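Before any comments, here is the structure.
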Amino acid sequence: MKDRIYKSVVLVSFLILFFVQLRLTYNTYVLRDRDYSLKEKELINDEYGRSIPDDKLYHGGGKIIDSILSRNMPAIQQAYLYNKQEFNKLCKRVSDTLITTLQKKSTMDSIFRSIVKRNNLNSNLRYLLTFESIEINFDPKIGNIYIFDSRSNPSVKAGPNTPYGIVIAGTLPDPNVQNRVTYLSVSGKLIYGYRVTFNLFVDAPDRPLKVAIEMLPTFSLVAMCIIIIVGINYYTYINWMRQKKEAEIKSDFLNSIKHEFNTPITTILVASKSLDEEEVLNDRTRVKALVHIVERQAKRLHSHINQMLEISEINKNINLEETDLNYAVLTLVNDYKIVHEPDSLTFDPHTHEILMLIDPFVLTTMLQNILDNSFKHNDSTVKKTAIFITEQTGEYVLHIKDNGKGIEAPLKQKIFDKFFRSNKDTTVPGLGLGLYYVRQCLDIHGWGISLETELGIGTEFMVHIPKHQTNTDL
């Protein structure tokens, strides 16, 4: 439960941090994008003004506006004064005609290309010319009257529309305040005065990319910060899990010690107390039996203590000798058969002598621990363990195969950990150090180990011994 809460807290904290970092980065990008301005903006504005002196929008734009407005102004005035509904219809019709004509007869493409070429500007620059509004002044007392305003009445047939007016010419997809070069209201005088307002936008199509490149250091710092935080959280979590695992293992180890040491100590105390009784002292048979009990339990304690000491001393005194692997294993098997049923353990030596540098004591102790596990974790009526040696490409393989309980698949990689015990049943003796000692012995000799196991069938340990080991290799 605590593990799940810890994971949830870490995940939620990371997501909140990631969202905050993402939001701050996005806001920074928006600000940079807003502040980004085309370096040539002022130059283009001046060049555009010089290209259309005393004209509107582009060459010939003023004549188009004057011709359409001049023939409609009287009708517009009459409709405004006497028929508002007719005025609105007329304004819409005049606006559509004016904008459509301006679009069809636009010379803005040639003007813009000329400006770019004349000033050696980026050939990828794109522009957008928009028509924003038309105002007419019939009477100074009334003031200017809109016959078209894209901001309040954008619905005209000419389209397309933008927040800055109807598009007259150009292909720039995203007009905004940052890339607006010209915002101009030009007045004219016909029967009555009028004023038109229009915009020119110029920008490079890859501006978002340029802004992103400018922010590359910021992006890198944010990414690095997130990676470091993830790394710290991951390291903290792994370290916490390792400490938790070690605490659990140590707790299991202490429980094992408590059982493994208390049992012989209690037995020795009871036997000692019995030896103090007069009735027992007079019976030599009972005295002899109790002495044997004390001796066995003392040996058991001695074995546990030696096992723990062997773990701490294993790397300090290594004595490598040229030894025949067959002989070393056979010696152990013969000794082991003395305390077990002779038929329960068999050894099939290799066909020829296998000489290699081995520490006989370390090897013997290693095999002893594997065999102890084979017999301890075996509930078969007839316990069987077979040892044999096979030769493969580049190595010899020492097999120790039993018909015991087998090992659960998730535990296969854990059984060599210090203090680990796959069987929590305290009736099975052990401190969880046997197979850890095996791993230490293998590391000393530079050997490897693998195992195959099946629940209820048994386990086979395979020690992989390279053929061409030298003193340097070891």
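All residue names refer to the structure tokens as shown: chains lettered A, B, ... in order, residues numbered from 1 in each chain, ligands numbered from 1 in order.
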
Next item on the list: Mind checking which residues fall within 8 Å of stretch 387-396 of chain A, counting only C-alpha atoms, ignoring those fewer than 3 positions away in the same chain, and posting them as a list in words?
Entry: Leu345, Thr346, Phe347, Asp348, Pro349, His350, His399, Ile400, Lys401, His464, Ile465, Pro466, Lys467 and His468 of chain A

Dump N, CA and C atoms for the selected residues as an mmCIF file, in the first residue's frame?
data_model
loop_
_atom_site.group_PDB
_atom_site.id
_atom_site.type_symbol
_atom_site.label_atom_id
_atom_site.label_comp_id
_atom_site.auth_asym_id
_atom_site.auth_seq_id
_atom_site.Cartn_x
_atom_site.Cartn_y
_atom_site.Cartn_z
ATOM 1 N N LEU A 345 22.940 -39.885 -4.354
ATOM 2 C CA LEU A 345 23.852 -38.964 -5.040
ATOM 3 C C LEU A 345 24.740 -39.748 -5.989
ATOM 4 N N THR A 346 24.758 -39.361 -7.258
ATOM 5 C CA THR A 346 25.599 -40.050 -8.245
ATOM 6 C C THR A 346 26.459 -39.037 -8.989
ATOM 7 N N PHE A 347 27.607 -39.510 -9.461
ATOM 8 C CA PHE A 347 28.510 -38.644 -10.218
ATOM 9 C C PHE A 347 29.030 -39.405 -11.431
ATOM 10 N N ASP A 348 28.911 -38.776 -12.592
ATOM 11 C CA ASP A 348 29.393 -39.371 -13.845
ATOM 12 C C ASP A 348 30.560 -38.511 -14.344
ATOM 13 N N PRO A 349 31.807 -38.935 -14.079
ATOM 14 C CA PRO A 349 32.963 -38.119 -14.458
ATOM 15 C C PRO A 349 33.070 -37.979 -15.973
ATOM 16 N N HIS A 350 33.817 -36.943 -16.378
ATOM 17 C CA HIS A 350 34.091 -36.762 -17.791
ATOM 18 C C HIS A 350 35.062 -37.835 -18.265
ATOM 19 N N HIS A 399 26.985 -30.126 -14.300
ATOM 20 C CA HIS A 399 25.544 -30.187 -14.048
ATOM 21 C C HIS A 399 25.280 -30.772 -12.662
ATOM 22 N N ILE A 400 24.386 -30.141 -11.903
ATOM 23 C CA ILE A 400 23.893 -30.701 -10.633
ATOM 24 C C ILE A 400 22.375 -30.731 -10.750
ATOM 25 N N LYS A 401 21.807 -31.908 -10.919
ATOM 26 C CA LYS A 401 20.383 -32.049 -11.229
ATOM 27 C C LYS A 401 19.685 -32.865 -10.141
ATOM 28 N N HIS A 464 29.178 -23.057 -15.788
ATOM 29 C CA HIS A 464 29.870 -22.939 -17.068
ATOM 30 C C HIS A 464 31.337 -22.566 -16.821
ATOM 31 N N ILE A 465 32.248 -23.458 -17.211
ATOM 32 C CA ILE A 465 33.676 -23.295 -16.944
ATOM 33 C C ILE A 465 34.423 -23.146 -18.265
ATOM 34 N N PRO A 466 35.000 -21.968 -18.547
ATOM 35 C CA PRO A 466 35.752 -21.786 -19.796
ATOM 36 C C PRO A 466 36.925 -22.756 -19.884
ATOM 37 N N LYS A 467 37.227 -23.222 -21.077
ATOM 38 C CA LYS A 467 38.290 -24.224 -21.253
ATOM 39 C C LYS A 467 39.681 -23.640 -21.088
ATOM 40 N N HIS A 468 39.852 -22.415 -21.519
ATOM 41 C CA HIS A 468 41.213 -21.863 -21.608
ATOM 42 C C HIS A 468 41.421 -20.744 -20.598
#

Checklist line | Residue nearest A:Arg23 among A:Thr266, A:Glu40, A:Val222, A:Leu451 (counting only C-alpha atoms) | finding: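 Checking each of A:Thr266, A:Glu40, A:Val222, A:Leu451 against A:Arg23, counting only C-alpha atoms, the winner is A:Val222.
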
Residues at most 12 Å from A:Thr25, counting only C-alpha atoms, excluding those fewer than 5 positions away in the same chain, as a compact mmCIF listing (two decimals) with C-alpha atoms, in the first residue's frame?
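Dumped everything to selection-v3.txt:
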# COMPACT_ATOMS: atom_id res chain seq x y z
CA PHE A 18 6.08 18.85 -16.29
CA PHE A 19 2.86 20.80 -16.91
CA VAL A 20 4.26 23.92 -15.17
CA VAL A 30 4.30 33.37 -27.15
CA LEU A 31 6.12 36.41 -25.76
CA ARG A 32 9.09 35.87 -28.07
CA ALA A 212 11.84 28.26 -31.95
CA MET A 215 14.51 29.67 -27.98
CA LEU A 216 16.63 26.56 -28.45
CA PRO A 217 18.79 27.32 -25.37
CA THR A 218 15.62 27.71 -23.31
CA PHE A 219 14.17 24.46 -24.66
CA SER A 220 17.47 22.70 -23.92
CA LEU A 221 17.59 23.99 -20.34
CA VAL A 222 13.96 22.96 -19.74
CA ALA A 223 14.57 19.50 -21.22

For the contact check between stretch 90-133 of chain A and stretch 73-81 of chain A, emit one row per residue of stretch 90-133 of chain A within 10 Å, containing the shortest atom pair and the distance in Å rounded to one decimal, counting only C-alpha atoms, chain then rising number order, as a Markdown table.
| residue | atom | partner | partner_atom | distance |
| --- | --- | --- | --- | --- |
| A:Leu90 | CA | A:Ile76 | CA | 6.8 |
| A:Cys91 | CA | A:Ile76 | CA | 7.2 |
| A:Val94 | CA | A:Ile76 | CA | 9.3 |

Check: Between A:Arg93, A:Arg195, A:Arg4, A:His445, which has the minimum distance to A:Asp66 (counting only C-alpha atoms)?
Finding: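 Ranking A:Arg93, A:Arg195, A:Arg4, A:His445 by distance to A:Asp66, first place goes to A:Arg195.
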
Item checked: Residues of stretch 79-232 of chain A in strand (DSSP E), written as a ChimeraX atom specification -> /A:126-137,145-149,161-162,165-170,180-189,193-203

Filtering to N, CA and C atoms, could you give me those residues as a CSV table (one decimal), in the first residue's frame?
chain,number,residue,atom,x,y,z
A,126,ARG,N,6.6,36.8,-47.9
A,126,ARG,CA,5.2,36.7,-48.4
A,126,ARG,C,4.4,37.9,-47.8
A,127,TYR,N,3.4,38.4,-48.6
A,127,TYR,CA,2.7,39.6,-48.1
A,127,TYR,C,1.2,39.3,-48.1
A,128,LEU,N,0.5,40.2,-47.5
A,128,LEU,CA,-1.0,40.2,-47.6
A,128,LEU,C,-1.5,41.6,-47.5
A,129,LEU,N,-2.3,42.0,-48.5
A,129,LEU,CA,-2.9,43.4,-48.5
A,129,LEU,C,-4.4,43.2,-48.2
A,130,THR,N,-4.9,44.0,-47.2
A,130,THR,CA,-6.3,43.8,-46.7
A,130,THR,C,-6.9,45.2,-46.8
A,131,PHE,N,-8.2,45.2,-47.1
A,131,PHE,CA,-9.0,46.4,-47.1
A,131,PHE,C,-9.9,46.4,-45.9
A,132,GLU,N,-9.8,47.4,-45.0
A,132,GLU,CA,-10.4,47.4,-43.7
A,132,GLU,C,-11.8,48.1,-43.7
A,133,SER,N,-11.8,49.4,-44.3
A,133,SER,CA,-13.0,50.1,-44.2
A,133,SER,C,-13.1,51.3,-45.2
A,134,ILE,N,-14.4,51.7,-45.4
A,134,ILE,CA,-14.6,52.9,-46.3
A,134,ILE,C,-15.6,53.8,-45.5
A,135,GLU,N,-15.2,55.1,-45.4
A,135,GLU,CA,-16.1,56.1,-44.8
A,135,GLU,C,-16.4,57.2,-45.7
A,136,ILE,N,-17.6,57.8,-45.6
A,136,ILE,CA,-18.0,58.9,-46.4
A,136,ILE,C,-18.5,60.0,-45.5
A,137,ASN,N,-18.2,61.2,-45.8
A,137,ASN,CA,-18.6,62.4,-45.0
A,137,ASN,C,-19.5,63.3,-45.9
A,145,ILE,N,-19.4,58.5,-42.1
A,145,ILE,CA,-20.4,57.4,-42.1
A,145,ILE,C,-19.7,56.2,-42.7
A,146,TYR,N,-19.7,55.0,-42.1
A,146,TYR,CA,-19.1,53.8,-42.7
A,146,TYR,C,-20.1,53.2,-43.7
A,147,ILE,N,-19.6,53.0,-44.9
A,147,ILE,CA,-20.4,52.2,-45.8
A,147,ILE,C,-19.8,50.8,-45.9
A,148,PHE,N,-18.6,50.6,-45.3
A,148,PHE,CA,-18.1,49.2,-45.1
A,148,PHE,C,-17.1,49.3,-44.0
A,149,ASP,N,-17.2,48.3,-43.1
A,149,ASP,CA,-16.3,48.2,-42.0
A,149,ASP,C,-16.1,46.7,-41.7
A,161,ASN,N,-12.1,36.8,-45.6
A,161,ASN,CA,-12.0,37.9,-44.6
A,161,ASN,C,-10.9,37.5,-43.5
A,162,THR,N,-10.3,38.5,-42.9
A,162,THR,CA,-9.4,38.3,-41.8
A,162,THR,C,-9.8,39.3,-40.7
A,165,GLY,N,-9.4,42.8,-42.1
A,165,GLY,CA,-10.1,43.3,-43.3
A,165,GLY,C,-10.2,42.2,-44.4
A,166,ILE,N,-10.8,42.6,-45.5
A,166,ILE,CA,-10.9,41.7,-46.7
A,166,ILE,C,-9.6,41.6,-47.4
A,167,VAL,N,-9.2,40.4,-47.8
A,167,VAL,CA,-8.0,40.2,-48.5
A,167,VAL,C,-8.1,40.7,-50.0
A,168,ILE,N,-7.2,41.6,-50.4
A,168,ILE,CA,-7.2,42.1,-51.7
A,168,ILE,C,-6.2,41.3,-52.5
A,169,ALA,N,-5.0,41.1,-52.0
A,169,ALA,CA,-4.0,40.4,-52.7
A,169,ALA,C,-3.0,39.8,-51.6
A,170,GLY,N,-2.2,38.8,-52.1
A,170,GLY,CA,-1.2,38.2,-51.2
A,170,GLY,C,-1.6,36.8,-50.7
A,180,ARG,N,2.6,43.3,-39.2
A,180,ARG,CA,2.0,44.3,-40.0
A,180,ARG,C,3.0,45.4,-40.3
A,181,VAL,N,3.2,45.7,-41.6
A,181,VAL,CA,4.2,46.7,-42.0
A,181,VAL,C,3.5,48.1,-42.2
A,182,THR,N,2.3,48.1,-42.7
A,182,THR,CA,1.6,49.4,-43.0
A,182,THR,C,0.2,49.3,-42.5
A,183,TYR,N,-0.2,50.3,-41.8
A,183,TYR,CA,-1.6,50.5,-41.4
A,183,TYR,C,-2.0,51.9,-41.8
A,184,LEU,N,-2.7,52.1,-42.8
A,184,LEU,CA,-2.9,53.4,-43.4
A,184,LEU,C,-4.3,53.8,-43.7
A,185,SER,N,-4.7,55.0,-43.3
A,185,SER,CA,-6.0,55.6,-43.7
A,185,SER,C,-5.7,56.7,-44.6
A,186,VAL,N,-6.3,56.7,-45.9
A,186,VAL,CA,-6.1,57.7,-46.9
A,186,VAL,C,-7.4,58.4,-47.2
A,187,SER,N,-7.4,59.7,-47.3
A,187,SER,CA,-8.6,60.5,-47.6
A,187,SER,C,-8.6,60.9,-49.0
A,188,GLY,N,-9.8,61.1,-49.5
A,188,GLY,CA,-9.9,61.6,-50.9
A,188,GLY,C,-11.1,62.5,-51.0
A,189,LYS,N,-11.2,63.3,-52.1
A,189,LYS,CA,-12.3,64.3,-52.2
A,189,LYS,C,-13.0,64.1,-53.6
A,193,GLY,N,-16.3,64.1,-49.2
A,193,GLY,CA,-15.0,63.5,-48.8
A,193,GLY,C,-15.2,62.0,-48.4
A,194,TYR,N,-14.1,61.3,-48.5
A,194,TYR,CA,-14.2,59.9,-48.1
A,194,TYR,C,-12.8,59.5,-47.6
A,195,ARG,N,-12.8,58.3,-46.9
A,195,ARG,CA,-11.6,57.8,-46.3
A,195,ARG,C,-11.6,56.3,-46.4
A,196,VAL,N,-10.4,55.7,-46.9
A,196,VAL,CA,-10.3,54.3,-46.9
A,196,VAL,C,-9.1,53.9,-46.0
A,197,THR,N,-9.3,52.7,-45.4
A,197,THR,CA,-8.2,52.2,-44.5
A,197,THR,C,-7.8,50.8,-45.0
A,198,PHE,N,-6.5,50.6,-45.0
A,198,PHE,CA,-6.0,49.3,-45.5
A,198,PHE,C,-4.7,48.9,-44.7
A,199,ASN,N,-4.3,47.6,-44.8
A,199,ASN,CA,-3.2,47.1,-44.1
A,199,ASN,C,-2.3,46.3,-45.1
A,200,LEU,N,-1.0,46.4,-44.8
A,200,LEU,CA,0.0,45.5,-45.5
A,200,LEU,C,0.7,44.7,-44.5
A,201,PHE,N,0.7,43.4,-44.7
A,201,PHE,CA,1.5,42.5,-43.8
A,201,PHE,C,2.6,41.8,-44.6
A,202,VAL,N,3.7,41.7,-44.0
A,202,VAL,CA,4.8,41.0,-44.7
A,202,VAL,C,5.5,40.1,-43.6
A,203,ASP,N,5.8,38.9,-44.0
A,203,ASP,CA,6.5,38.0,-43.1
A,203,ASP,C,7.2,36.8,-43.9

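Computed from the coordinates, the atom CA of A:Leu367 to atom CA of A:Ser380 distance equals 21.0 Å.
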
Note to self: Which residues are close to A:Ser110, i.e. within 10 Å by only C-alpha atoms, leaving aside same-chain residues fewer than 5 positions away? Reply as a PyMOL selection string.
What the structure shows: chain A and resi 58+115-116

Hey, can you spit out that residue selection with C-alpha atoms as a compact mmCIF listing (two decimals), in the first residue's frame?
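Dumped everything to selection-v4.txt:
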# COMPACT_ATOMS: atom_id res chain seq x y z
CA TYR A 58 -1.52 49.93 -55.40
CA ILE A 115 10.51 46.00 -53.65
CA VAL A 116 12.09 42.63 -52.76

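Pairwise distance (atom CA of A:Asn122, atom CA of A:Pro53) equals 24.5 Å.
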